[in-house]
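J.: Next comes the structure file protein.csv, holding CSV, N, CA and C atoms.
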chain,number,residue,atom,x,y,z
O,457,MET,N,-46.0,-4.7,-4.6
O,457,MET,CA,-45.8,-6.1,-4.5
O,457,MET,C,-46.5,-6.7,-3.3
O,458,ALA,N,-46.7,-7.9,-3.2
O,458,ALA,CA,-47.4,-8.6,-2.1
O,458,ALA,C,-46.5,-8.9,-1.0
O,459,LYS,N,-47.1,-9.1,0.2
O,459,LYS,CA,-46.4,-9.6,1.4
O,459,LYS,C,-46.8,-11.1,1.6
O,460,LEU,N,-45.9,-12.0,1.4
O,460,LEU,CA,-46.2,-13.4,1.5
O,460,LEU,C,-45.6,-14.0,2.8
O,461,LEU,N,-46.4,-14.8,3.5
O,461,LEU,CA,-45.9,-15.6,4.6
O,461,LEU,C,-45.9,-17.1,4.2
O,462,ILE,N,-44.8,-17.8,4.3
O,462,ILE,CA,-44.8,-19.2,4.0
O,462,ILE,C,-44.5,-19.9,5.3
O,463,HIS,N,-45.5,-20.7,5.7
O,463,HIS,CA,-45.5,-21.5,7.0
O,463,HIS,C,-45.2,-22.9,6.7
O,464,LEU,N,-44.0,-23.4,7.2
O,464,LEU,CA,-43.6,-24.7,6.9
O,464,LEU,C,-43.4,-25.6,8.1
O,465,THR,N,-44.0,-26.8,8.1
O,465,THR,CA,-43.8,-27.7,9.3
O,465,THR,C,-43.1,-29.0,8.8
O,466,HIS,N,-42.9,-29.2,7.6
O,466,HIS,CA,-42.2,-30.4,7.1
O,466,HIS,C,-40.7,-30.2,7.2
O,467,GLY,N,-40.0,-31.3,7.6
O,467,GLY,CA,-38.6,-31.2,7.8
O,467,GLY,C,-37.9,-32.2,6.8
O,468,PRO,N,-36.7,-32.6,7.2
O,468,PRO,CA,-35.8,-33.5,6.3
O,468,PRO,C,-36.5,-34.8,5.9
O,469,ASP,N,-37.4,-35.2,6.8
O,469,ASP,CA,-38.1,-36.5,6.5
O,469,ASP,C,-39.2,-36.4,5.4
O,470,ALA,N,-39.5,-35.2,5.0
O,470,ALA,CA,-40.5,-34.9,3.9
O,470,ALA,C,-39.8,-33.9,3.0
O,471,PRO,N,-38.8,-34.4,2.3
O,471,PRO,CA,-37.9,-33.5,1.5
O,471,PRO,C,-38.6,-32.7,0.4
O,472,THR,N,-39.5,-33.3,-0.3
O,472,THR,CA,-40.2,-32.6,-1.4
O,472,THR,C,-40.9,-31.4,-0.9
O,473,GLN,N,-41.7,-31.6,0.2
O,473,GLN,CA,-42.5,-30.5,0.8
O,473,GLN,C,-41.6,-29.4,1.3
O,474,ALA,N,-40.5,-29.8,2.0
O,474,ALA,CA,-39.6,-28.8,2.6
O,474,ALA,C,-38.9,-28.0,1.4
O,475,ASP,N,-38.5,-28.7,0.4
O,475,ASP,CA,-37.8,-28.0,-0.7
O,475,ASP,C,-38.8,-27.1,-1.4
O,476,ARG,N,-40.0,-27.5,-1.6
O,476,ARG,CA,-41.0,-26.7,-2.4
O,476,ARG,C,-41.2,-25.4,-1.6
O,477,ALA,N,-41.3,-25.4,-0.3
O,477,ALA,CA,-41.5,-24.2,0.4
O,477,ALA,C,-40.4,-23.2,0.2
O,478,PHE,N,-39.1,-23.7,0.2
O,478,PHE,CA,-38.0,-22.8,0.0
O,478,PHE,C,-38.0,-22.3,-1.5
O,479,LEU,N,-38.4,-23.2,-2.4
O,479,LEU,CA,-38.5,-22.8,-3.8
O,479,LEU,C,-39.5,-21.7,-4.0
O,480,ILE,N,-40.7,-21.8,-3.4
O,480,ILE,CA,-41.7,-20.8,-3.6
O,480,ILE,C,-41.2,-19.5,-2.9
O,481,ALA,N,-40.5,-19.6,-1.8
O,481,ALA,CA,-40.0,-18.4,-1.1
O,481,ALA,C,-39.0,-17.7,-2.0
O,482,LYS,N,-38.0,-18.4,-2.5
O,482,LYS,CA,-37.0,-17.7,-3.3
O,482,LYS,C,-37.6,-17.2,-4.6
O,483,THR,N,-38.6,-17.9,-5.2
O,483,THR,CA,-39.2,-17.4,-6.4
O,483,THR,C,-39.9,-16.1,-6.1
O,484,ALA,N,-40.6,-16.0,-5.0
O,484,ALA,CA,-41.3,-14.8,-4.7
O,484,ALA,C,-40.4,-13.7,-4.4
O,485,VAL,N,-39.2,-13.9,-3.8
O,485,VAL,CA,-38.2,-12.9,-3.6
O,485,VAL,C,-37.7,-12.4,-4.9
O,486,ARG,N,-37.4,-13.3,-5.8
O,486,ARG,CA,-37.0,-12.9,-7.2
O,486,ARG,C,-38.0,-12.0,-7.9
O,487,GLU,N,-39.2,-12.3,-7.6
O,487,GLU,CA,-40.3,-11.5,-8.3
O,487,GLU,C,-40.6,-10.2,-7.6
O,488,GLY,N,-39.8,-9.9,-6.5
O,488,GLY,CA,-39.9,-8.6,-5.8
O,488,GLY,C,-40.9,-8.6,-4.7
O,489,HIS,N,-41.5,-9.7,-4.3
O,489,HIS,CA,-42.4,-9.7,-3.2
O,489,HIS,C,-41.7,-9.7,-1.8
O,490,GLN,N,-42.3,-9.2,-0.8
O,490,GLN,CA,-41.8,-9.3,0.5
O,490,GLN,C,-42.1,-10.6,1.1
O,491,VAL,N,-41.1,-11.4,1.5
O,491,VAL,CA,-41.3,-12.8,1.9
O,491,VAL,C,-40.9,-13.0,3.4
O,492,SER,N,-41.7,-13.7,4.1
O,492,SER,CA,-41.3,-14.2,5.5
O,492,SER,C,-41.6,-15.7,5.5
O,493,MET,N,-40.8,-16.4,6.1
O,493,MET,CA,-41.0,-17.8,6.4
O,493,MET,C,-41.1,-18.1,7.9
O,494,PHE,N,-42.0,-18.9,8.3
O,494,PHE,CA,-42.1,-19.3,9.7
O,494,PHE,C,-42.0,-20.9,9.7
O,495,LEU,N,-40.8,-21.4,10.2
O,495,LEU,CA,-40.6,-22.8,10.3
O,495,LEU,C,-40.9,-23.3,11.7
O,496,ALA,N,-41.8,-24.3,11.7
O,496,ALA,CA,-42.2,-24.9,13.0
O,496,ALA,C,-42.1,-26.4,12.9
O,497,GLY,N,-42.3,-27.1,14.0
O,497,GLY,CA,-42.3,-28.6,14.0
O,497,GLY,C,-40.9,-29.0,13.4
O,498,LYS,N,-41.0,-30.1,12.6
O,498,LYS,CA,-39.7,-30.7,12.1
O,498,LYS,C,-39.0,-29.7,11.2
O,499,ALA,N,-39.6,-28.7,10.7
O,499,ALA,CA,-39.0,-27.8,9.7
O,499,ALA,C,-37.8,-27.1,10.3
O,500,VAL,N,-37.8,-26.9,11.7
O,500,VAL,CA,-36.7,-26.2,12.3
O,500,VAL,C,-35.4,-27.0,12.1
O,501,GLU,N,-35.5,-28.3,11.9
O,501,GLU,CA,-34.3,-29.1,11.6
O,501,GLU,C,-33.6,-28.8,10.3
O,502,LEU,N,-34.3,-28.1,9.4
O,502,LEU,CA,-33.7,-27.7,8.1
O,502,LEU,C,-32.5,-26.7,8.3
O,503,LEU,N,-32.4,-26.0,9.4
O,503,LEU,CA,-31.4,-25.0,9.7
O,503,LEU,C,-30.1,-25.6,10.3
O,504,ARG,N,-30.1,-26.9,10.5
O,504,ARG,CA,-28.8,-27.6,10.9
O,504,ARG,C,-27.9,-27.6,9.7
O,505,ASP,N,-26.6,-27.4,9.9
O,505,ASP,CA,-25.7,-27.3,8.8
O,505,ASP,C,-25.7,-28.5,7.9
O,506,GLU,N,-25.8,-29.7,8.5
O,506,GLU,CA,-25.7,-30.9,7.6
O,506,GLU,C,-27.0,-30.9,6.7
O,507,VAL,N,-28.1,-30.4,7.1
O,507,VAL,CA,-29.3,-30.4,6.3
O,507,VAL,C,-29.2,-29.2,5.3
O,508,LEU,N,-28.8,-28.0,5.8
O,508,LEU,CA,-28.6,-26.9,4.9
O,508,LEU,C,-27.7,-27.2,3.7
O,509,ASP,N,-26.7,-28.0,3.9
O,509,ASP,CA,-25.8,-28.4,2.8
O,509,ASP,C,-26.3,-29.5,1.9
O,510,SER,N,-27.5,-30.0,2.1
O,510,SER,CA,-28.0,-31.1,1.4
O,510,SER,C,-29.0,-30.7,0.3
O,511,VAL,N,-29.2,-31.5,-0.7
O,511,VAL,CA,-30.2,-31.3,-1.7
O,511,VAL,C,-31.4,-32.1,-1.3
O,512,LEU,N,-32.5,-31.5,-1.1
O,512,LEU,CA,-33.8,-32.2,-0.8
O,512,LEU,C,-34.7,-32.4,-1.9
O,513,GLY,N,-34.7,-31.5,-2.9
O,513,GLY,CA,-35.6,-31.6,-4.0
O,513,GLY,C,-35.2,-32.5,-5.1
O,514,VAL,N,-36.0,-32.7,-6.0
O,514,VAL,CA,-35.7,-33.6,-7.2
O,514,VAL,C,-36.1,-32.8,-8.4
O,515,GLY,N,-35.5,-33.1,-9.6
O,515,GLY,CA,-35.9,-32.4,-10.8
O,515,GLY,C,-35.0,-31.3,-11.2
O,516,LYS,N,-35.4,-30.6,-12.3
O,516,LYS,CA,-34.6,-29.6,-12.9
O,516,LYS,C,-34.3,-28.4,-11.9
O,517,GLY,N,-33.1,-28.0,-11.9
O,517,GLY,CA,-32.7,-26.8,-11.1
O,517,GLY,C,-32.7,-26.9,-9.6
O,518,VAL,N,-32.6,-28.1,-9.1
O,518,VAL,CA,-32.6,-28.2,-7.6
O,518,VAL,C,-31.3,-27.7,-7.1
O,519,THR,N,-31.3,-27.2,-5.9
O,519,THR,CA,-30.2,-26.6,-5.2
O,519,THR,C,-30.1,-27.1,-3.8
O,520,THR,N,-29.1,-26.8,-3.1
O,520,THR,CA,-29.0,-27.1,-1.7
O,520,THR,C,-30.0,-26.2,-0.9
O,521,VAL,N,-30.4,-26.6,0.3
O,521,VAL,CA,-31.2,-25.8,1.1
O,521,VAL,C,-30.5,-24.5,1.4
O,522,ARG,N,-29.2,-24.6,1.6
O,522,ARG,CA,-28.4,-23.4,1.9
O,522,ARG,C,-28.4,-22.4,0.8
O,523,GLU,N,-28.4,-22.8,-0.4
O,523,GLU,CA,-28.4,-21.9,-1.6
O,523,GLU,C,-29.8,-21.2,-1.6
O,524,SER,N,-30.8,-21.9,-1.3
O,524,SER,CA,-32.2,-21.3,-1.3
O,524,SER,C,-32.3,-20.3,-0.1
O,525,TYR,N,-31.8,-20.8,1.1
O,525,TYR,CA,-31.8,-19.9,2.3
O,525,TYR,C,-31.0,-18.6,2.0
O,526,ASN,N,-29.8,-18.7,1.4
O,526,ASN,CA,-29.0,-17.5,1.1
O,526,ASN,C,-29.8,-16.6,0.2
O,527,GLU,N,-30.4,-17.1,-0.8
O,527,GLU,CA,-31.1,-16.3,-1.8
O,527,GLU,C,-32.3,-15.5,-1.1
O,528,ILE,N,-33.0,-16.2,-0.2
O,528,ILE,CA,-34.1,-15.6,0.5
O,528,ILE,C,-33.6,-14.5,1.4
O,529,ILE,N,-32.5,-14.7,2.1
O,529,ILE,CA,-32.0,-13.7,3.1
O,529,ILE,C,-31.4,-12.6,2.3
O,530,GLU,N,-30.6,-12.9,1.2
O,530,GLU,CA,-30.0,-11.8,0.4
O,530,GLU,C,-31.0,-10.9,-0.3
O,531,GLY,N,-32.2,-11.5,-0.5
O,531,GLY,CA,-33.3,-10.8,-1.1
O,531,GLY,C,-34.2,-10.1,-0.1
O,532,ASN,N,-33.7,-9.9,1.1
O,532,ASN,CA,-34.4,-9.3,2.2
O,532,ASN,C,-35.6,-10.1,2.8
O,533,GLY,N,-35.6,-11.4,2.5
O,533,GLY,CA,-36.6,-12.2,3.1
O,533,GLY,C,-36.3,-12.4,4.6
O,534,LYS,N,-37.3,-12.8,5.4
O,534,LYS,CA,-37.0,-13.1,6.8
O,534,LYS,C,-37.4,-14.5,7.1
O,535,ILE,N,-36.6,-15.1,8.0
O,535,ILE,CA,-36.9,-16.5,8.4
O,535,ILE,C,-37.1,-16.5,9.9
O,536,TYR,N,-38.2,-17.0,10.3
O,536,TYR,CA,-38.5,-17.2,11.8
O,536,TYR,C,-38.5,-18.7,12.1
O,537,LEU,N,-38.1,-19.0,13.3
O,537,LEU,CA,-38.1,-20.4,13.7
O,537,LEU,C,-39.0,-20.4,15.0
O,538,SER,N,-39.8,-21.4,15.1
O,538,SER,CA,-40.6,-21.6,16.3
O,538,SER,C,-39.6,-22.0,17.5
O,539,GLN,N,-39.6,-21.1,18.5
O,539,GLN,CA,-38.8,-21.3,19.7
O,539,GLN,C,-39.2,-22.6,20.4
O,540,VAL,N,-40.5,-22.9,20.4
O,540,VAL,CA,-40.9,-24.1,21.1
O,540,VAL,C,-40.4,-25.4,20.3
O,541,SER,N,-40.5,-25.3,19.0
O,541,SER,CA,-40.1,-26.5,18.2
O,541,SER,C,-38.6,-26.6,18.3
O,542,CYS,N,-37.8,-25.5,18.3
O,542,CYS,CA,-36.3,-25.6,18.5
O,542,CYS,C,-36.0,-26.3,19.8
O,543,GLY,N,-36.7,-25.9,20.9
O,543,GLY,CA,-36.4,-26.5,22.2
O,543,GLY,C,-36.7,-28.0,22.2
O,544,ALA,N,-37.9,-28.4,21.6
O,544,ALA,CA,-38.3,-29.8,21.5
O,544,ALA,C,-37.4,-30.6,20.7
O,545,ARG,N,-36.7,-30.1,19.7
O,545,ARG,CA,-35.9,-30.8,18.8
O,545,ARG,C,-34.4,-30.6,19.0
O,546,GLY,N,-34.0,-30.0,20.1
O,546,GLY,CA,-32.6,-29.8,20.5
O,546,GLY,C,-31.8,-28.9,19.6
O,547,ILE,N,-32.5,-28.0,18.9
O,547,ILE,CA,-31.8,-27.0,18.1
O,547,ILE,C,-31.2,-25.9,19.1
O,548,THR,N,-29.9,-25.8,19.1
O,548,THR,CA,-29.2,-24.9,20.1
O,548,THR,C,-28.8,-23.6,19.4
O,549,ASP,N,-28.3,-22.7,20.3
O,549,ASP,CA,-27.8,-21.4,19.8
O,549,ASP,C,-26.6,-21.7,18.9
O,550,GLU,N,-25.8,-22.8,19.2
O,550,GLU,CA,-24.7,-23.2,18.3
O,550,GLU,C,-25.2,-23.6,16.9
O,551,ASP,N,-26.3,-24.3,16.8
O,551,ASP,CA,-26.9,-24.7,15.5
O,551,ASP,C,-27.3,-23.4,14.7
O,552,LEU,N,-27.6,-22.4,15.4
O,552,LEU,CA,-28.1,-21.2,14.7
O,552,LEU,C,-27.1,-20.1,14.5
O,553,GLN,N,-25.9,-20.4,15.0
O,553,GLN,CA,-24.8,-19.4,15.0
O,553,GLN,C,-24.6,-19.0,13.5
O,554,ASN,N,-24.4,-17.7,13.3
O,554,ASN,CA,-24.1,-17.1,11.9
O,554,ASN,C,-25.3,-17.3,10.9
O,555,LYS,N,-26.5,-17.6,11.4
O,555,LYS,CA,-27.7,-17.7,10.6
O,555,LYS,C,-28.6,-16.5,10.9
O,556,ASP,N,-29.1,-15.9,9.8
O,556,ASP,CA,-29.9,-14.7,10.0
O,556,ASP,C,-31.4,-15.2,10.1
O,557,VAL,N,-31.7,-15.7,11.3
O,557,VAL,CA,-33.0,-16.1,11.7
O,557,VAL,C,-33.5,-15.5,13.0
O,558,GLU,N,-34.8,-15.5,13.2
O,558,GLU,CA,-35.3,-15.0,14.5
O,558,GLU,C,-36.1,-16.1,15.1
O,559,LEU,N,-36.0,-16.3,16.4
O,559,LEU,CA,-36.9,-17.2,17.1
O,559,LEU,C,-38.2,-16.5,17.5
O,560,GLY,N,-39.2,-17.3,17.4
O,560,GLY,CA,-40.5,-16.7,17.8
O,560,GLY,C,-41.4,-17.7,18.5
O,561,GLU,N,-42.2,-17.1,19.4
O,561,GLU,CA,-43.3,-17.9,20.1
O,561,GLU,C,-44.5,-17.9,19.2
O,562,PRO,N,-45.5,-18.7,19.6
O,562,PRO,CA,-46.7,-18.8,18.7
O,562,PRO,C,-47.3,-17.4,18.4
O,563,ASN,N,-47.2,-16.4,19.3
O,563,ASN,CA,-47.8,-15.1,19.0
O,563,ASN,C,-47.2,-14.4,17.8
O,564,VAL,N,-45.9,-14.8,17.5
O,564,VAL,CA,-45.2,-14.2,16.3
O,564,VAL,C,-45.9,-14.8,15.0
O,565,LEU,N,-46.2,-16.0,15.0
O,565,LEU,CA,-46.9,-16.6,13.9
O,565,LEU,C,-48.2,-15.9,13.7
O,566,VAL,N,-48.9,-15.7,14.7
O,566,VAL,CA,-50.2,-15.0,14.6
O,566,VAL,C,-50.0,-13.6,14.1
O,567,GLN,N,-49.1,-12.9,14.6
O,567,GLN,CA,-48.8,-11.5,14.2
O,567,GLN,C,-48.4,-11.5,12.7
O,568,LEU,N,-47.6,-12.4,12.3
O,568,LEU,CA,-47.1,-12.5,10.9
O,568,LEU,C,-48.3,-12.8,9.9
O,569,THR,N,-49.2,-13.7,10.4
O,569,THR,CA,-50.3,-14.1,9.6
O,569,THR,C,-51.2,-12.9,9.3
O,570,VAL,N,-51.4,-12.1,10.4
O,570,VAL,CA,-52.3,-10.9,10.3
O,570,VAL,C,-51.7,-9.8,9.4
O,571,GLU,N,-50.3,-9.7,9.4
O,571,GLU,CA,-49.6,-8.6,8.7
O,571,GLU,C,-49.4,-8.9,7.2
O,572,HIS,N,-49.5,-10.2,6.8
O,572,HIS,CA,-49.2,-10.5,5.4
O,572,HIS,C,-50.5,-10.6,4.6
O,573,ASP,N,-50.3,-10.4,3.3
O,573,ASP,CA,-51.5,-10.4,2.3
O,573,ASP,C,-51.9,-11.8,2.1
O,574,GLN,N,-51.0,-12.8,2.0
O,574,GLN,CA,-51.3,-14.2,1.7
O,574,GLN,C,-50.4,-15.1,2.5
O,575,VAL,N,-51.0,-16.2,2.9
O,575,VAL,CA,-50.2,-17.2,3.6
O,575,VAL,C,-50.2,-18.5,2.8
O,576,ILE,N,-49.1,-19.1,2.6
O,576,ILE,CA,-48.9,-20.4,2.0
O,576,ILE,C,-48.4,-21.4,3.0
O,577,THR,N,-49.1,-22.5,3.2
O,577,THR,CA,-48.8,-23.4,4.2
O,577,THR,C,-48.3,-24.8,3.6
O,578,TYR,N,-47.2,-25.2,4.1
O,578,TYR,CA,-46.7,-26.6,3.8
O,578,TYR,C,-46.7,-27.3,5.1
O,579,GLY,N,-47.7,-28.1,5.4
O,579,GLY,CA,-47.7,-28.7,6.7
O,579,GLY,C,-48.6,-29.9,6.7
Would it be possible to restate this file's structure as structure tokens?
T.:
Amino acid sequence: MAKLLIHLTHGPDAPTQADRAFLIAKTAVREGHQVSMFLAGKAVELLRDEVLDSVLGVGKGVTTVRESYNEIIEGNGKIYLSQVSCGARGITDEDLQNKDVELGEPNVLVQLTVEHDQVITYG
């Protein structure tokens, strides 16, 4: 199976794009692909509890962001957050408590891009 990196920079103010990135990630996990997500810019705000518990998408089969997040993590997907973006948007350790995410500097995004077979960008 393929190694996919999904790079997302859209946040709660662009709900369709944000939801689609999580939909593609969980679909790829279901199909047995190795999936990593790197959230940067406004996308880091998606990991705040009030956003995780909301429905961003529209149409058939929409779920909360948390349900998609859980499915990705339970399927051995990895989610990275831009440390720079978290700092700029006030995302704290408390916001990330009990969430299976890793903070990364720009070099982590470069490394992930090189290591994966394909990159899908929502930005």
J.: Do a neighbour search on Gly467 of chain O at 6 Å with all atoms listed in the file, toss out local chain neighbours closer than 6 positions, and write the hits as a list in words.
T.: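 Contacts, with the query itself left out: Ala474, Lys498, Ala499, Val500, Glu501 and Leu502 of chain O.
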J.: What's around Gln539 of chain O at 6 Å? Count all atoms listed in the file, leave out sequence neighbours fewer than 3 positions away in its own chain, and write the answer as a ChimeraX atom specification.
T.: /O:542-543,559-561
J.: Find the residues near segment 522-524 of chain O: any atom within 7 Å, counting only N, CA and C atoms, skip ones fewer than 3 places away on the same chain, and give them as a list in words.
T.: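 Surrounding residues, per the criterion: Phe478, Leu479, Lys482, Val507, Leu508, Asp509, Ser510, Thr519, Glu527, Ile528 and Ile529 of chain O.
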J.: Just list the residues in chain O DSSP gives helix (DSSP H, G or I) on the backbone, as a PyMOL selection string.
T.: chain O and resi 471-486+497-503+505-508+521-530+539-544+549-552+562-571
J.: Quick one, how far is atom N of Val514 of chain O from atom CA of His466 of chain O?
T.: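 We find that atom N of Val514 of chain O and atom CA of His466 of chain O lie 14.7 Å from each other.
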J.: O:Gln553, O:Gln490, O:Asn563, O:Thr465: which is nearest Gly531 of chain O, counting only C-alpha atoms?
T.: O:Gln490
J.: So which one's closest to Leu537 of chain O, O:Val557, O:Gly517, O:Ala458, O:Ile576? Using all atoms listed in the file, please.
T.: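 Checking each candidate against Leu537 of chain O, we get O:Val557 as the closest.
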J.: Report, in Å to a single decimal, how far apart atom N of Lys459 of chain O and atom C of Asp573 of chain O are.
T.: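 A separation of 5.8 Å between them.
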J.: Nearest to Ser538 of chain O: which of O:Glu487, O:Glu571, O:Asp469, O:Glu558 is it, counting only N, CA and C atoms?
T.: O:Glu558
J.: Which residue out of O:Tyr525, O:Phe494, O:Asn532, O:Thr520 has the minimum interatomic distance to Val564 of chain O when only N, CA and C atoms are used?
T.: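 With only N, CA and C atoms as the atom set, the closest residue is O:Phe494.
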J.: I want to know what sits within 5 Å of Ser492 of chain O, based on all atoms listed in the file, with residues of the same chain fewer than 5 positions away left out; could you give that as a list in words?
T.: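 Final neighbour list, sorted by chain and number: Leu460, Leu461, Ile462 and Lys534 of chain O.
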